[in-house]
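Structure record follows, encoded as structure tokens.
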Amino acid sequence: MKLGISNRESVALTLVEVLVVVVVLGFLFALLFPWPESSNGKRNWRISCVNNLKQTGIAFAVWRNDHDGKFPMDVAGTNGGAREAALDGNAAAIFRSMSNELSVPKVLVCPADGSRFIATNFSAGFGAKNISYFIGLDAARNLPATILSGDDNLEVNGVAVKAGIINLTADAFVNWTTNRHRSGNIVFTDGSVRSLKKFWFYGLLAPKRFSNQ
């Protein structure tokens, strides 16, 4: 009897190949069907919120570079800024002054914020109801670790803040309510975004004033 020997490679998958396929399928499943982060939202909501703040940070940086290194809060309205509005705690007017840099109002609403509505444009009717984020009125270009913007569902010393200007004093304890994320997202002057559950304000971390109106 003659034995025939085939030169064709076996089509059976090796154990390593099977594991690779399983990992790839699991990754695709995680992308298409994200698991909920909590009862208040999903993980993709938090990621979208972080992306919103990254775009907002870029908008601030672009605007600043076109206006002698100053933020809209430091430039008069006659020169395209919103200094007067900042004195009144009007965050909507500050964001409106950056409408060209922000492109669309959608980036100003956190997906987990059910109390706000996405505006169709920055003109007619655009206001606090279309914004989920506060603005750090004292953010400084030369202090990259200062807070520029973030989720406005803040609590200071255990009390939910009201609309308007929030003044932080030394030793203030700041955290976020639980109706959006497990933590709050903030963007710093250098454009970086972090998620924090709480922080202590010791009077050294600027800005001292926030506007969420």
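If you're wondering about the labels, chains in the structure tokens are A, B, ... by order shown, residues count from 1 in each chain, ligands from 1 in order shown.
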
- Item | Selection near Ser132 of chain A, 9 Å with only C-alpha atoms, sequence-local residues under 3 positions removed, as a VMD selection string | chain A and resid 108 to 110 113 115 to 116 128 to 129 150 to 153 212

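Among the candidates A:Thr177, A:Ser183, A:Asn121, A:Ser192, the residue lying nearest to Pro144 of chain A is A:Ser192 (atoms considered: only C-alpha atoms).
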
- Item | Spatial neighbours of Glu84 of chain A, 9 Å, only C-alpha atoms, chain gap at least 4 places, as an MDAnalysis selection string | chainID A and resid 73:77 88:90
